[in-house]
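K.L.:
Here you go, one structure.
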Amino acid sequence: MADSRKALIEGIAKLFNSPDHADVKIYIGEHELPAHSVVLASQSQFFQTALTGNFKEGKAKQFHFKEGSAHAHWRVFEHMYTGNYSKEPAQALDAPDDDELLKDVRVYATAEFFMLDEVKSMALKRFRETIKHFRFSELLVDCIREVYASTTQPKDGLRSAAADIAHAYRSTLWERKAFQDLVYEGGDFAVALMGRCINK
């Protein structure tokens, strides 16, 4: 039984970006990614609804994704087939890859759109590890901005991770005008940071 399950998982993984038995066309920007409705619908509530409901895209079995990160979309589809995603840029895409600090942020946001909790969990775990190495980077403030712009729930895991690292290194970060400006703007991040300062 274990061998059969392993063979099934490996077989599905091999179908990623393969035209074999493909019955769906995914367009990431201008790139066509062959896909399989049985895989998409079994992994994502978004695709299950789109492929079985009265939707134009579902009936045509063609989906176009021009907004957002092309590489984040690629990584999300890769995870649907393989249970994992690579940090390396997809060679099939012409678009430049995301900055290292933003890769998992954008995978998380894309996975949320497709209602993929397992992908979100992996992206969050990787983001928590990655952000530790960028705690003094000039990119951190822009990353925090994007985290809060791409999520809506106050207790979202991605938001918590960003607020945690900002709180842990607030003294050093406060020396930067960009970070001060971010706090002065108010909003959900400032509230989250203040809450951590009060409850430390």
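As shown in the structure tokens, the chain order sets the letters A, B, ...; within each chain, residues go from 1, and ligands are also counted from 1 in the order they appear.
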Within 10 Å of stretch 167-174 of chain A, which residues of stretch 112-156 of chain A show up? Give each one with its shortest atom-to-atom distance in Å (one decimal) and the two atoms involved, counting only C-alpha atoms, rows by chain then rising residue number, as JSON lines.
P.N.:
{"residue": "A:Arg135", "atom": "CA", "partner": "A:Tyr169", "partner_atom": "CA", "distance": 7.4}
{"residue": "A:Phe136", "atom": "CA", "partner": "A:Leu173", "partner_atom": "CA", "distance": 7.3}
{"residue": "A:Ser137", "atom": "CA", "partner": "A:Leu173", "partner_atom": "CA", "distance": 9.5}
{"residue": "A:Glu138", "atom": "CA", "partner": "A:Leu173", "partner_atom": "CA", "distance": 9.7}
{"residue": "A:Leu140", "atom": "CA", "partner": "A:Leu173", "partner_atom": "CA", "distance": 9.3}
{"residue": "A:Val141", "atom": "CA", "partner": "A:Leu173", "partner_atom": "CA", "distance": 9.1}
K.L.:
In stretch 8-196 of chain A, what's helix (DSSP H, G or I) per DSSP? Answer as a ChimeraX atom specification?
P.N.:
/A:8-14,37-43,45-52,56-60,70-82,100-113,117-132,140-150,157-168,170-173,177-184,187-196
K.L.:
So which one's closest to A:Ser86, A:Ala161, A:Met122, A:Phe113, A:Ser69? Using only C-alpha atoms, please.
P.N.:
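Between A:Ala161, A:Met122, A:Phe113, A:Ser69, the residue approaching A:Ser86 most closely is A:Met122.
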K.L.:
Per residue of stretch 78-183 of chain A within 9 Å of stretch 33-48 of chain A, record the nearest atom pair and its distance in Å to one decimal, counting only C-alpha atoms, with rows in chain order and ascending residue number, as CSV.
P.N.:
residue,atom,partner,partner_atom,distance
A:Met80,CA,A:Gln43,CA,6.2
A:Tyr81,CA,A:Val39,CA,7.1
A:Phe113,CA,A:Phe46,CA,7.9
A:Phe114,CA,A:Phe46,CA,5.3
A:Met115,CA,A:Ser44,CA,6.1
A:Leu116,CA,A:Ser44,CA,6.0
K.L.:
Any idea what the distance is between atom CA of A:Lys120 and atom CA of A:His71?
P.N.:
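For atom CA of A:Lys120 relative to atom CA of A:His71, the distance reads 15.4 Å.
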K.L.:
Write out as a PyMOL selection string which residues come within 10 Å of A:Ala163 when counting only C-alpha atoms, dropping same-chain ones fewer than 3 positions away.
P.N.:
chain A and resi 144+147-148+157-160+166-168+170+188-196
K.L.:
One decimal, Å: what's the distance from atom CA of A:Gly29 over to atom CA of A:Ile9, could you say?
P.N.:
28.3 Å
K.L.:
As a PyMOL selection string, please: the residues near A:Lys66 (cut-off 10 Å, only C-alpha atoms, same-chain neighbours under 4 positions excluded).
P.N.:
chain A and resi 27-30+70+73
K.L.:
Those same residues, written as a PDB file, in the first residue's frame with C-alpha atoms?
P.N.:
ATOM      1  CA  TYR A  27      -1.691  31.381 -18.504  1.00  0.00           C
ATOM      2  CA  ILE A  28       0.801  33.036 -16.181  1.00  0.00           C
ATOM      3  CA  GLY A  29       1.378  36.268 -17.992  1.00  0.00           C
ATOM      4  CA  GLU A  30       2.095  35.097 -21.524  1.00  0.00           C
ATOM      5  CA  ALA A  70       4.367  35.358 -12.050  1.00  0.00           C
ATOM      6  CA  HIS A  73       1.832  31.743  -9.243  1.00  0.00           C
TER       7      HIS A  73
END
K.L.:
Stretch 5-128 of chain A: which residues are strand (DSSP E) by DSSP, as a PyMOL selection string?
P.N.:
chain A and resi 24-28+31-35+62-65
K.L.:
Write the residues of the selection above to a file with C-alpha atoms, as a PDB file, in the first residue's frame.
P.N.:
ATOM      1  CA  VAL A  24      -6.642  22.844 -18.616  1.00  0.00           C
ATOM      2  CA  LYS A  25      -4.564  25.786 -19.803  1.00  0.00           C
ATOM      3  CA  ILE A  26      -3.144  28.132 -17.198  1.00  0.00           C
ATOM      4  CA  TYR A  27      -1.691  31.381 -18.504  1.00  0.00           C
ATOM      5  CA  ILE A  28       0.801  33.036 -16.181  1.00  0.00           C
ATOM      6  CA  HIS A  31       3.375  31.656 -20.537  1.00  0.00           C
ATOM      7  CA  GLU A  32       1.065  28.680 -20.962  1.00  0.00           C
ATOM      8  CA  LEU A  33       1.247  26.115 -18.180  1.00  0.00           C
ATOM      9  CA  PRO A  34      -0.510  22.828 -19.037  1.00  0.00           C
ATOM     10  CA  ALA A  35      -2.594  21.601 -16.123  1.00  0.00           C
ATOM     11  CA  GLN A  62      -8.547  28.387 -19.585  1.00  0.00           C
ATOM     12  CA  PHE A  63      -7.409  30.650 -16.771  1.00  0.00           C
ATOM     13  CA  HIS A  64      -5.395  33.840 -17.212  1.00  0.00           C
ATOM     14  CA  PHE A  65      -3.357  35.345 -14.388  1.00  0.00           C
TER      15      PHE A  65
END
K.L.:
Tell me which protein, DNA and RNA residues are within 10 Å of A:Glu112, counting only C-alpha atoms, leaving out same-chain ones fewer than 5 positions away, and put them as a ChimeraX atom specification.
P.N.:
/A:46,106-107,117-120,150-151
K.L.:
With C-alpha atoms retained, could you export that selection as a PDB file, in the first residue's frame?
P.N.:
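Result file result01.pdb:
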ATOM      1  CA  PHE A  46     -11.129  28.001  -6.062  1.00  0.00           C
ATOM      2  CA  ARG A 106       3.877  36.561  -2.516  1.00  0.00           C
ATOM      3  CA  VAL A 107       3.427  32.794  -2.496  1.00  0.00           C
ATOM      4  CA  ASP A 117      -4.004  26.492   3.460  1.00  0.00           C
ATOM      5  CA  GLU A 118      -1.185  23.964   3.151  1.00  0.00           C
ATOM      6  CA  VAL A 119       0.752  26.233   0.794  1.00  0.00           C
ATOM      7  CA  LYS A 120       0.151  29.176   3.116  1.00  0.00           C
ATOM      8  CA  SER A 150      -1.600  41.842   0.786  1.00  0.00           C
ATOM      9  CA  THR A 151      -3.396  40.524   3.887  1.00  0.00           C
TER      10      THR A 151
END
